[in-house]
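So this block is coords25.pdb, PDB, C-alpha atoms, pLDDT in the B column:
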ATOM      1  CA  MET A   1      25.377  42.133  -3.995  1.00 46.00           C
ATOM      2  CA  LYS A   2      22.329  43.264  -2.033  1.00 48.00           C
ATOM      3  CA  LYS A   3      20.052  41.193  -4.291  1.00 48.00           C
ATOM      4  CA  LEU A   4      22.274  38.162  -3.754  1.00 41.00           C
ATOM      5  CA  PHE A   5      22.102  38.653   0.021  1.00 44.00           C
ATOM      6  CA  VAL A   6      18.282  38.954  -0.073  1.00 43.00           C
ATOM      7  CA  MET A   7      17.983  35.828  -2.241  1.00 45.00           C
ATOM      8  CA  GLY A   8      20.280  33.937   0.152  1.00 46.00           C
ATOM      9  CA  ALA A   9      18.207  35.051   3.143  1.00 42.00           C
ATOM     10  CA  ILE A  10      14.980  33.889   1.454  1.00 42.00           C
ATOM     11  CA  ALA A  11      16.533  30.513   0.579  1.00 41.00           C
ATOM     12  CA  LEU A  12      17.752  30.080   4.171  1.00 38.00           C
ATOM     13  CA  ALA A  13      14.314  30.975   5.535  1.00 41.00           C
ATOM     14  CA  GLY A  14      12.758  28.421   3.201  1.00 43.00           C
ATOM     15  CA  LEU A  15      15.216  25.753   4.343  1.00 38.00           C
ATOM     16  CA  VAL A  16      14.520  26.465   8.014  1.00 39.00           C
ATOM     17  CA  SER A  17      10.785  26.397   7.306  1.00 42.00           C
ATOM     18  CA  ALA A  18      11.109  23.038   5.505  1.00 40.00           C
ATOM     19  CA  GLN A  19      13.162  21.576   8.341  1.00 42.00           C
ATOM     20  CA  THR A  20      10.414  22.453  10.840  1.00 41.00           C
ATOM     21  CA  ALA A  21       7.461  21.525   8.618  1.00 52.00           C
ATOM     22  CA  ASN A  22       6.955  18.163  10.362  1.00 65.00           C
ATOM     23  CA  ASN A  23       8.170  19.367  13.767  1.00 62.00           C
ATOM     24  CA  GLY A  24       7.630  16.403  16.090  1.00 83.00           C
ATOM     25  CA  ALA A  25       5.043  14.686  13.872  1.00 88.00           C
ATOM     26  CA  THR A  26       6.896  11.363  14.054  1.00 90.00           C
ATOM     27  CA  ALA A  27       8.011  11.711  17.691  1.00 92.00           C
ATOM     28  CA  LYS A  28       7.524   9.039  20.354  1.00 93.00           C
ATOM     29  CA  GLY A  29       3.969   8.968  21.720  1.00 93.00           C
ATOM     30  CA  LYS A  30       2.307  10.370  18.581  1.00 95.00           C
ATOM     31  CA  TRP A  31      -0.464   8.676  16.587  1.00 95.00           C
ATOM     32  CA  MET A  32      -0.808   8.448  12.819  1.00 96.00           C
ATOM     33  CA  VAL A  33      -3.991   7.590  10.933  1.00 96.00           C
ATOM     34  CA  GLY A  34      -4.341   7.520   7.189  1.00 93.00           C
ATOM     35  CA  SER A  35      -5.364   5.695   4.074  1.00 90.00           C
ATOM     36  CA  ASN A  36      -3.860   4.742   0.764  1.00 85.00           C
ATOM     37  CA  LEU A  37      -5.574   4.321  -2.609  1.00 82.00           C
ATOM     38  CA  GLY A  38      -4.062   2.125  -5.276  1.00 76.00           C
ATOM     39  CA  LEU A  39      -5.045   1.535  -8.884  1.00 69.00           C
ATOM     40  CA  ASN A  40      -3.319  -1.000 -11.091  1.00 63.00           C
ATOM     41  CA  PHE A  41      -3.865  -2.118 -14.689  1.00 59.00           C
ATOM     42  CA  SER A  42      -2.117  -5.082 -16.244  1.00 55.00           C
ATOM     43  CA  SER A  43      -2.274  -6.932 -19.549  1.00 55.00           C
ATOM     44  CA  GLU A  44      -1.122 -10.521 -19.762  1.00 51.00           C
ATOM     45  CA  ASN A  45      -0.373 -12.885 -22.631  1.00 50.00           C
ATOM     46  CA  ALA A  46      -0.415 -16.582 -21.761  1.00 45.00           C
ATOM     47  CA  THR A  47       0.307 -19.646 -23.898  1.00 46.00           C
ATOM     48  CA  THR A  48      -1.732 -22.774 -23.201  1.00 42.00           C
ATOM     49  CA  LYS A  49      -0.321 -25.654 -25.229  1.00 47.00           C
ATOM     50  CA  GLU A  50      -2.627 -28.313 -23.824  1.00 44.00           C
ATOM     51  CA  SER A  51      -5.749 -26.723 -25.253  1.00 49.00           C
ATOM     52  CA  GLY A  52      -4.151 -25.748 -28.539  1.00 51.00           C
ATOM     53  CA  VAL A  53      -4.628 -22.036 -27.837  1.00 50.00           C
ATOM     54  CA  ASP A  54      -1.483 -20.184 -28.768  1.00 49.00           C
ATOM     55  CA  ASP A  55      -2.203 -16.789 -27.269  1.00 53.00           C
ATOM     56  CA  VAL A  56      -4.701 -15.761 -24.587  1.00 54.00           C
ATOM     57  CA  LYS A  57      -4.747 -12.097 -23.630  1.00 59.00           C
ATOM     58  CA  THR A  58      -6.381 -10.874 -20.428  1.00 63.00           C
ATOM     59  CA  THR A  59      -6.674  -7.351 -19.056  1.00 72.00           C
ATOM     60  CA  THR A  60      -6.845  -7.009 -15.286  1.00 74.00           C
ATOM     61  CA  THR A  61      -7.864  -3.963 -13.249  1.00 79.00           C
ATOM     62  CA  ARG A  62      -7.200  -3.766  -9.510  1.00 80.00           C
ATOM     63  CA  PHE A  63      -8.394  -1.143  -7.043  1.00 84.00           C
ATOM     64  CA  SER A  64      -7.302  -1.150  -3.399  1.00 86.00           C
ATOM     65  CA  PHE A  65      -8.178   0.877  -0.290  1.00 87.00           C
ATOM     66  CA  ASN A  66      -5.937   0.614   2.790  1.00 89.00           C
ATOM     67  CA  PRO A  67      -6.879   2.475   6.004  1.00 92.00           C
ATOM     68  CA  ASP A  68      -4.218   2.331   8.716  1.00 93.00           C
ATOM     69  CA  ALA A  69      -3.646   3.442  12.329  1.00 96.00           C
ATOM     70  CA  SER A  70      -0.213   3.497  13.987  1.00 96.00           C
ATOM     71  CA  TYR A  71       1.427   4.527  17.263  1.00 97.00           C
ATOM     72  CA  PHE A  72       5.026   5.791  17.515  1.00 96.00           C
ATOM     73  CA  LEU A  73       6.840   3.596  20.054  1.00 96.00           C
ATOM     74  CA  ALA A  74      10.001   5.645  19.518  1.00 95.00           C
ATOM     75  CA  ASP A  75      10.974   8.651  17.441  1.00 95.00           C
ATOM     76  CA  ASN A  76      10.249   7.819  13.766  1.00 96.00           C
ATOM     77  CA  LEU A  77       9.288   4.178  14.569  1.00 97.00           C
ATOM     78  CA  ALA A  78       5.581   3.302  14.440  1.00 97.00           C
ATOM     79  CA  VAL A  79       3.656   0.073  14.903  1.00 97.00           C
ATOM     80  CA  GLY A  80       0.074  -0.283  13.838  1.00 96.00           C
ATOM     81  CA  ILE A  81      -2.609  -2.227  12.100  1.00 96.00           C
ATOM     82  CA  GLY A  82      -3.884  -1.846   8.575  1.00 93.00           C
ATOM     83  CA  LEU A  83      -7.006  -3.033   6.811  1.00 92.00           C
ATOM     84  CA  ASP A  84      -7.028  -3.905   3.149  1.00 88.00           C
ATOM     85  CA  TYR A  85      -9.749  -4.114   0.530  1.00 90.00           C
ATOM     86  CA  THR A  86      -8.891  -5.025  -3.056  1.00 86.00           C
ATOM     87  CA  TYR A  87     -11.269  -5.435  -5.973  1.00 86.00           C
ATOM     88  CA  THR A  88      -9.951  -7.217  -9.059  1.00 82.00           C
ATOM     89  CA  SER A  89     -11.750  -7.376 -12.388  1.00 81.00           C
ATOM     90  CA  VAL A  90     -10.623  -9.457 -15.363  1.00 75.00           C
ATOM     91  CA  LYS A  91     -11.824  -8.687 -18.889  1.00 71.00           C
ATOM     92  CA  ASP A  92     -13.272 -12.198 -19.325  1.00 65.00           C
ATOM     93  CA  GLY A  93     -15.887 -11.550 -16.628  1.00 67.00           C
ATOM     94  CA  LYS A  94     -14.112 -12.976 -13.591  1.00 76.00           C
ATOM     95  CA  SER A  95     -13.712 -10.814 -10.498  1.00 81.00           C
ATOM     96  CA  SER A  96     -12.676 -11.074  -6.871  1.00 84.00           C
ATOM     97  CA  ASN A  97     -12.980  -9.224  -3.583  1.00 89.00           C
ATOM     98  CA  ALA A  98     -10.169  -9.517  -1.039  1.00 90.00           C
ATOM     99  CA  PHE A  99     -10.195  -8.389   2.586  1.00 93.00           C
ATOM    100  CA  GLY A 100      -7.127  -8.359   4.783  1.00 93.00           C
ATOM    101  CA  ILE A 101      -5.894  -7.360   8.213  1.00 95.00           C
ATOM    102  CA  MET A 102      -2.196  -6.679   8.615  1.00 94.00           C
ATOM    103  CA  PRO A 103      -0.218  -5.612  11.703  1.00 96.00           C
ATOM    104  CA  ASN A 104       2.701  -3.520  10.482  1.00 96.00           C
ATOM    105  CA  ILE A 105       5.768  -1.513  11.380  1.00 97.00           C
ATOM    106  CA  LYS A 106       6.991   1.694   9.693  1.00 96.00           C
ATOM    107  CA  TYR A 107      10.161   3.733   9.995  1.00 97.00           C
ATOM    108  CA  PHE A 108      10.444   7.371   8.884  1.00 96.00           C
ATOM    109  CA  PHE A 109      13.571   9.253   7.821  1.00 96.00           C
ATOM    110  CA  PRO A 110      12.614  12.909   8.471  1.00 92.00           C
ATOM    111  CA  GLN A 111      14.208  15.355   6.033  1.00 91.00           C
ATOM    112  CA  GLY A 112      12.171  18.400   6.934  1.00 88.00           C
ATOM    113  CA  GLN A 113       9.046  18.737   4.834  1.00 92.00           C
ATOM    114  CA  VAL A 114       9.694  15.422   3.053  1.00 95.00           C
ATOM    115  CA  SER A 115      10.031  12.184   5.023  1.00 95.00           C
ATOM    116  CA  PRO A 116      10.868   8.944   3.196  1.00 96.00           C
ATOM    117  CA  PHE A 117       9.608   5.808   4.963  1.00 97.00           C
ATOM    118  CA  VAL A 118       9.746   2.031   4.754  1.00 97.00           C
ATOM    119  CA  GLY A 119       7.289  -0.499   6.122  1.00 96.00           C
ATOM    120  CA  LEU A 120       6.685  -4.207   6.654  1.00 96.00           C
ATOM    121  CA  GLY A 121       3.419  -5.986   7.444  1.00 95.00           C
ATOM    122  CA  VAL A 122       2.338  -9.581   8.026  1.00 96.00           C
ATOM    123  CA  GLY A 123      -1.291 -10.643   8.312  1.00 96.00           C
ATOM    124  CA  TYR A 124      -4.254 -12.589   6.939  1.00 96.00           C
ATOM    125  CA  ARG A 125      -6.189 -12.168   3.680  1.00 93.00           C
ATOM    126  CA  LEU A 126      -9.567 -13.622   2.700  1.00 92.00           C
ATOM    127  CA  THR A 127     -10.504 -13.720  -0.996  1.00 89.00           C
ATOM    128  CA  ASN A 128     -13.834 -14.440  -2.681  1.00 88.00           C
ATOM    129  CA  GLN A 129     -13.432 -15.163  -6.390  1.00 81.00           C
ATOM    130  CA  ASN A 130     -16.272 -15.037  -8.895  1.00 79.00           C
ATOM    131  CA  ALA A 131     -15.284 -17.729 -11.389  1.00 66.00           C
ATOM    132  CA  GLY A 132     -17.624 -16.385 -14.083  1.00 62.00           C
ATOM    133  CA  GLY A 133     -20.488 -18.077 -15.903  1.00 62.00           C
ATOM    134  CA  ASN A 134     -22.272 -20.746 -13.901  1.00 63.00           C
ATOM    135  CA  SER A 135     -19.187 -21.740 -11.917  1.00 65.00           C
ATOM    136  CA  LYS A 136     -19.345 -21.715  -8.122  1.00 73.00           C
ATOM    137  CA  ASP A 137     -17.591 -18.855  -6.316  1.00 78.00           C
ATOM    138  CA  ILE A 138     -14.288 -19.759  -4.676  1.00 81.00           C
ATOM    139  CA  THR A 139     -13.383 -18.692  -1.132  1.00 87.00           C
ATOM    140  CA  MET A 140      -9.724 -18.765  -0.115  1.00 87.00           C
ATOM    141  CA  GLY A 141      -7.698 -17.438   2.811  1.00 90.00           C
ATOM    142  CA  GLY A 142      -4.181 -17.380   4.176  1.00 92.00           C
ATOM    143  CA  LEU A 143      -0.927 -15.517   4.750  1.00 93.00           C
ATOM    144  CA  ALA A 144      -0.305 -12.007   3.462  1.00 94.00           C
ATOM    145  CA  VAL A 145       3.033 -10.159   3.583  1.00 95.00           C
ATOM    146  CA  GLY A 146       3.611  -6.588   2.429  1.00 93.00           C
ATOM    147  CA  VAL A 147       6.820  -4.578   1.960  1.00 95.00           C
ATOM    148  CA  GLU A 148       6.455  -0.851   1.302  1.00 94.00           C
ATOM    149  CA  GLY A 149       8.558   2.194   0.524  1.00 96.00           C
ATOM    150  CA  GLY A 150       7.324   5.744   0.081  1.00 95.00           C
ATOM    151  CA  ILE A 151       7.435   9.439   0.828  1.00 96.00           C
ATOM    152  CA  ALA A 152       5.345  11.594   3.145  1.00 96.00           C
ATOM    153  CA  TYR A 153       5.143  15.266   2.160  1.00 96.00           C
ATOM    154  CA  PHE A 154       4.076  17.393   5.137  1.00 96.00           C
ATOM    155  CA  ILE A 155       1.570  20.037   4.108  1.00 95.00           C
ATOM    156  CA  THR A 156       1.316  21.123   7.761  1.00 93.00           C
ATOM    157  CA  ASP A 157       2.871  19.794  10.981  1.00 90.00           C
ATOM    158  CA  ALA A 158      -0.063  17.365  11.301  1.00 93.00           C
ATOM    159  CA  LEU A 159      -1.095  16.531   7.715  1.00 95.00           C
ATOM    160  CA  ALA A 160       0.957  14.764   5.056  1.00 96.00           C
ATOM    161  CA  ALA A 161       0.288  13.615   1.513  1.00 96.00           C
ATOM    162  CA  THR A 162       1.800  10.194   0.835  1.00 95.00           C
ATOM    163  CA  ALA A 163       2.962   8.250  -2.194  1.00 94.00           C
ATOM    164  CA  SER A 164       4.222   4.690  -1.988  1.00 92.00           C
ATOM    165  CA  VAL A 165       5.092   1.523  -3.860  1.00 91.00           C
ATOM    166  CA  LYS A 166       4.216  -1.779  -2.215  1.00 90.00           C
ATOM    167  CA  TYR A 167       4.976  -5.422  -2.934  1.00 90.00           C
ATOM    168  CA  ASP A 168       2.312  -7.820  -1.633  1.00 88.00           C
ATOM    169  CA  TYR A 169       2.802 -11.577  -1.395  1.00 90.00           C
ATOM    170  CA  THR A 170      -0.109 -13.863  -0.559  1.00 89.00           C
ATOM    171  CA  SER A 171      -0.314 -17.612  -0.068  1.00 89.00           C
ATOM    172  CA  ILE A 172      -3.958 -18.633   0.216  1.00 88.00           C
ATOM    173  CA  THR A 173      -5.734 -21.995   0.443  1.00 86.00           C
ATOM    174  CA  HIS A 174      -9.205 -23.067  -0.746  1.00 83.00           C
ATOM    175  CA  SER A 175     -11.676 -23.244   2.141  1.00 79.00           C
ATOM    176  CA  ASP A 176     -13.001 -26.660   1.007  1.00 78.00           C
ATOM    177  CA  ASN A 177      -9.840 -28.197  -0.445  1.00 78.00           C
ATOM    178  CA  SER A 178      -6.487 -27.701   1.280  1.00 75.00           C
ATOM    179  CA  ASP A 179      -4.679 -29.102  -1.785  1.00 76.00           C
ATOM    180  CA  TYR A 180      -5.842 -26.116  -3.839  1.00 78.00           C
ATOM    181  CA  GLN A 181      -3.471 -23.210  -3.172  1.00 81.00           C
ATOM    182  CA  THR A 182      -2.608 -19.959  -4.879  1.00 81.00           C
ATOM    183  CA  GLN A 183       0.522 -17.867  -4.396  1.00 85.00           C
ATOM    184  CA  THR A 184       0.565 -14.332  -5.752  1.00 82.00           C
ATOM    185  CA  GLY A 185       3.083 -11.498  -5.915  1.00 86.00           C
ATOM    186  CA  LEU A 186       1.864  -8.025  -6.857  1.00 83.00           C
ATOM    187  CA  ILE A 187       3.511  -4.601  -7.088  1.00 85.00           C
ATOM    188  CA  ASN A 188       1.133  -1.706  -6.590  1.00 83.00           C
ATOM    189  CA  ALA A 189       1.604   2.076  -6.432  1.00 86.00           C
ATOM    190  CA  GLY A 190      -0.715   4.330  -4.486  1.00 88.00           C
ATOM    191  CA  ILE A 191      -1.319   7.801  -3.121  1.00 91.00           C
ATOM    192  CA  GLY A 192      -2.962   8.812   0.127  1.00 92.00           C
ATOM    193  CA  ALA A 193      -2.945  11.052   3.173  1.00 94.00           C
ATOM    194  CA  ALA A 194      -1.907  10.698   6.819  1.00 95.00           C
ATOM    195  CA  TYR A 195      -2.849  12.685   9.917  1.00 96.00           C
ATOM    196  CA  PHE A 196      -0.448  12.934  12.876  1.00 95.00           C
ATOM    197  CA  PHE A 197      -1.577  13.833  16.404  1.00 94.00           C
TER     198      PHE A 197
END
Let me see whether you can do it: turn the structure in this file into structure tokens.
Amino acid sequence: MKKLFVMGAIALAGLVSAQTANNGATAKGKWMVGSNLGLNFSSENATTKESGVDDVKTTTTRFSFNPDASYFLADNLAVGIGLDYTYTSVKDGKSSNAFGIMPNIKYFFPQGQVSPFVGLGVGYRLTNQNAGGNSKDITMGGLAVGVEGGIAYFITDALAATASVKYDYTSITHSDNSDYQTQTGLINAGIGAAYFF
């Protein structure tokens, strides 16, 4: 019975500790700065009937870096601005660099040491595509929208490790030809860190 009581006391102490692990980190008036790293691989099979090619396989690698700064307007509700850099490489030699700026809003659901969160951002993205070979590079820009869900794990009251899944939608237009447009939807997972002060 004594062992059971001791084990219960330890579990209760752990629960109390977890509940205070992010004590006030997402309170009104606080700041949050952080970054997210994403890495995505995809393999695609496409059928092109016009050219007589039955099966074209491409392998695409994407790397993204997303620094962000936010201010808590109310408890658990932050508004901020994020920057975005994405490098995409396709096995056939094509590549692209994309830069974006995205005002955003995030809401946290504090559960002690673990705080799930959701976010929404709308901004602008500029893409420079290397067409490969002797083709001229293509510059495009336009609307970017991101929807995100994730978890912040508070290591201390001020520092959290983050993991998230994000859906990005872009609608961009060629800088020299407004009739040439590209719309893209991409799901990307990433890990990162955030500092609260």
Between atom CA of A:Arg125 and atom CA of A:Ser171, distance in Å (one decimal): 8.8 Å
On this structure, which residues satisfy the PyMOL selection byres ((chain A and resi 129) around 12), written as number ranges by chain? A: 86-90, 93-99, 126-128, 130-132, 135-141, 174-175, 182
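Closest approach to A:Ala160 among A:Gly146, A:Asn188, A:Tyr195, A:Lys91 is made by A:Tyr195 (distances from only C-alpha atoms).
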Using all atoms listed in the file, which residues sit within 10 Å of A:Phe72 once same-chain residues fewer than 3 positions away are excluded, as a PyMOL selection string? chain A and resi 25-32+75-80+105-107
Atom-to-atom span, atom CA of A:Gly150 and atom CA of A:Gln183, Å: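 Between atom CA of A:Gly150 and atom CA of A:Gln183 the gap works out to 25.0 Å.
Between atom CA of A:Tyr85 and atom CA of A:Tyr71 there is a distance of 21.9 Å.
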Best match for closeness to A:Asn66 among A:Leu37, A:Ile81, A:Val165, A:Leu186, counting all atoms listed in the file: A:Leu37
Can you tell me, as AutoDock Vina command-line options, the centre and edge lengths (Å, one decimal) of the axis-aligned box enclosing all of stretch 104-117 of chain A's listed atoms after padding each side by 5 Å?
--center_x 8.5 --center_y 7.6 --center_z 7.2 --size_x 21.5 --size_y 32.3 --size_z 18.3
For A:Gly38, which of A:Ser115, A:Asn104, A:Thr61, A:Thr173 is the closest residue, counting only C-alpha atoms?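 The closest residue to A:Gly38 is A:Thr61.
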Just so the selection is clear, what residues does the PyMOL selection byres ((chain A and resi 185) around 8) cover here, as an NGL selection string? :A and (167-170 or 183-184 or 186-187)
Spell out the residues picked by the PyMOL selection byres ((chain A and resi 151-153) around 12) here, as an MDAnalysis selection string. chainID A and resid 18:19 21:22 25:26 32 34 36 106:119 148:150 154:165 189:196
